[in-house]
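K.L.:
Got a structure for you, written out below as structure tokens; questions coming shortly.
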Amino acid sequence: MPLHSLTPLPHGAYLGLWRLAETADELLPLLPYPTVYQALYPAGRDPTRAAQWAAGRLLLHALLPNLTATPATLANDSNGRPYFPALPHYAVSLSHSGEWVAGLVSPQGRVGIDVELIRGKAQKLASRFLSEAERADAGDDAAKYSLYWSAKETLYKLHSRRGLVFKEQLLLDPFWLREAGELTAHLLLENSRSQHQLTYLRPAPGYVLTYCVELMNLE
């Protein structure tokens, strides 16, 4: 079972990474609470997405004992956001891309995480999700385009509000791309503006990951 890492973060949060090498058929029998998850299993998904779904739940159940002994199953709210109904104050976020699955759990506040395979698609679609200033900063760097996309996905999950315009309401300050670092992001709403600090890293060659843990609403 290729559970890659479980990493403690400040304020009691935990980040987990799973390097996917199994099929859904191999992963599903490993899930706890089989009756619950059999009912929630998204039948009809392609094999890769089905395996990512199962690995994500196994990853969160590997993270949870580091924070609590309370038994809990994972569900999704009306916006598709994962949560533990038995732990209403816990914040949860999941992401998957290619062979990597990432999860983040915090006993308080709110969280967001996103992992992305670096590919040319992000650059081709840049005009849809990046401002002119962000596109100028990314230049011709495919990794930077994917990191911009990942950071905006993390901020979107953190805020959990549908209908946001990525190129106008989710904005990032220019940055130098390194193996790991911090990004400053801004959320622009109709009557408010908030600033958020995101962390990024490269979990493996060809991938980028961003995450954020916030203990209070900064809006």
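Naming works like this for the structure tokens: A, B, ... for the chains as they're shown, residue 1 at the start of each chain, ligands 1 onward in shown order.
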Using only C-alpha atoms, which protein or nucleic acid residues come within 12 Å of Leu40 in chain A? Drop anything in the same chain fewer than 6 positions from it, and give the result as an mmCIF file with N, CA and C atoms, in the first residue's frame.

P.N.:
data_model
loop_
_atom_site.group_PDB
_atom_site.id
_atom_site.type_symbol
_atom_site.label_atom_id
_atom_site.label_comp_id
_atom_site.auth_asym_id
_atom_site.auth_seq_id
_atom_site.Cartn_x
_atom_site.Cartn_y
_atom_site.Cartn_z
ATOM 1 N N LEU A 28 -10.596 -0.806 -2.739
ATOM 2 C CA LEU A 28 -11.912 -0.757 -2.103
ATOM 3 C C LEU A 28 -12.051 -1.706 -0.913
ATOM 4 N N LEU A 31 -10.971 -0.219 2.542
ATOM 5 C CA LEU A 31 -11.674 0.889 3.181
ATOM 6 C C LEU A 31 -12.400 0.442 4.442
ATOM 7 N N TYR A 33 -15.528 0.797 7.212
ATOM 8 C CA TYR A 33 -16.961 1.045 7.041
ATOM 9 C C TYR A 33 -17.414 0.673 5.623
ATOM 10 N N PRO A 34 -17.219 -0.590 5.223
ATOM 11 C CA PRO A 34 -17.490 -0.971 3.831
ATOM 12 C C PRO A 34 -18.920 -0.725 3.388
ATOM 13 N N ALA A 50 -11.701 6.057 -10.343
ATOM 14 C CA ALA A 50 -12.216 5.190 -9.289
ATOM 15 C C ALA A 50 -11.125 4.864 -8.274
ATOM 16 N N TRP A 53 -10.471 7.936 -6.142
ATOM 17 C CA TRP A 53 -11.551 8.096 -5.153
ATOM 18 C C TRP A 53 -11.275 7.226 -3.931
ATOM 19 N N ALA A 54 -10.959 5.960 -4.165
ATOM 20 C CA ALA A 54 -10.712 5.040 -3.053
ATOM 21 C C ALA A 54 -9.450 5.416 -2.292
ATOM 22 N N ARG A 57 -9.933 8.351 0.153
ATOM 23 C CA ARG A 57 -10.597 8.014 1.413
ATOM 24 C C ARG A 57 -9.682 7.206 2.332
ATOM 25 N N THR A 73 -16.863 8.669 9.061
ATOM 26 C CA THR A 73 -16.821 8.356 7.635
ATOM 27 C C THR A 73 -16.872 9.663 6.855
ATOM 28 N N LEU A 74 -16.357 9.624 5.644
ATOM 29 C CA LEU A 74 -16.272 10.822 4.814
ATOM 30 C C LEU A 74 -17.506 10.930 3.931
ATOM 31 N N ALA A 75 -18.039 12.145 3.835
ATOM 32 C CA ALA A 75 -19.164 12.434 2.944
ATOM 33 C C ALA A 75 -18.825 13.686 2.143
ATOM 34 N N ASN A 76 -19.711 14.085 1.250
ATOM 35 C CA ASN A 76 -19.553 15.313 0.474
ATOM 36 C C ASN A 76 -20.779 16.178 0.642
#

K.L.:
Using only C-alpha atoms, determine which residues lie at most 8 Å from Val92 in chain A, disregarding the query and same-chain residues fewer than 6 positions distant; provide the list as a CSV table (one decimal) with N, CA and C atoms, in the first residue's frame.

P.N.:
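Heads up, here's the output in result_24.csv:
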chain,number,residue,atom,x,y,z
A,82,PRO,N,-15.6,17.6,0.6
A,82,PRO,CA,-15.5,16.5,1.6
A,82,PRO,C,-15.6,17.0,3.0
A,83,TYR,N,-16.3,16.2,3.9
A,83,TYR,CA,-16.3,16.5,5.3
A,83,TYR,C,-16.6,15.2,6.1
A,84,PHE,N,-16.3,15.3,7.4
A,84,PHE,CA,-16.7,14.2,8.3
A,84,PHE,C,-17.9,14.6,9.1
A,103,GLY,N,-4.2,14.8,0.6
A,103,GLY,CA,-5.3,15.1,1.6
A,103,GLY,C,-4.8,16.0,2.7
A,104,LEU,N,-5.7,16.8,3.2
A,104,LEU,CA,-5.4,17.8,4.3
A,104,LEU,C,-6.5,17.8,5.3
A,105,VAL,N,-6.2,17.6,6.6
A,105,VAL,CA,-7.2,17.6,7.6
A,105,VAL,C,-6.8,18.5,8.7
A,106,SER,N,-7.7,19.4,9.2
A,106,SER,CA,-7.4,20.2,10.4
A,106,SER,C,-8.5,20.1,11.4
A,110,ARG,N,-10.3,26.3,8.3
A,110,ARG,CA,-10.6,25.8,7.0
A,110,ARG,C,-9.3,25.5,6.2
A,111,VAL,N,-9.4,24.7,5.2
A,111,VAL,CA,-8.3,24.2,4.5
A,111,VAL,C,-8.6,24.1,3.0
A,112,GLY,N,-7.5,24.0,2.2
A,112,GLY,CA,-7.6,23.8,0.8
A,112,GLY,C,-6.3,23.1,0.4

K.L.:
So, counting only C-alpha atoms, which residue among A:Val101, A:Val36, A:Ala142, A:Pro42 is closest to Ala72 in chain A?

P.N.:
A:Val36

K.L.:
Name the residues in contact with Phe166 in chain A at a cut-off of 10 Å, using only C-alpha atoms, excluding same-chain residues fewer than 6 positions from it; report them as a list of chain:residue names.

P.N.:
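Near neighbours after the sequence-gap exclusion: A:Arg128, A:Phe129, A:Leu130, A:Ser131, A:Trp149, A:Lys152, A:Glu153, A:Leu155, A:Tyr156, A:Leu187, A:Leu188.
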
K.L.:
Tell me, as a PyMOL selection string, which residues lie within 7 Å of range 171-177 of chain A, counting only C-alpha atoms; anything in the same chain fewer than 5 positions away does not count.

P.N.:
chain A and resi 134+137+144+184-187

K.L.:
Can you measure CA of Leu6 in chain A to CA of Leu215 in chain A for me? One decimal in Å is fine.

P.N.:
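Interatomic distance, CA of Leu6 in chain A to CA of Leu215 in chain A: 20.3 Å.
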
K.L.:
Please identify which residues in range 12-123 of chain A DSSP calls alpha helix (DSSP H) from the backbone, and express them as number ranges by chain.

P.N.:
A: 24-27, 34-40, 47-63, 120-123

K.L.:
For range 11-25 of chain A, please output as a PyMOL selection string all residues within 8 Å (counting only C-alpha atoms; exclusion window: fewer than 2 positions along the same chain).

P.N.:
chain A and resi 1-9+27-29+47-48+50-52+54-56+59-60+63+66-67+99-107+213

K.L.:
From the DSSP assignment of the backbone, select every residue of range 26-210 of chain A that is strand (DSSP E), and format the answer as an NGL selection string.

P.N.:
:A and (75-76 or 82-83 or 91-97 or 100-106 or 110-117 or 170-172 or 180-188 or 193-201 or 207-210)
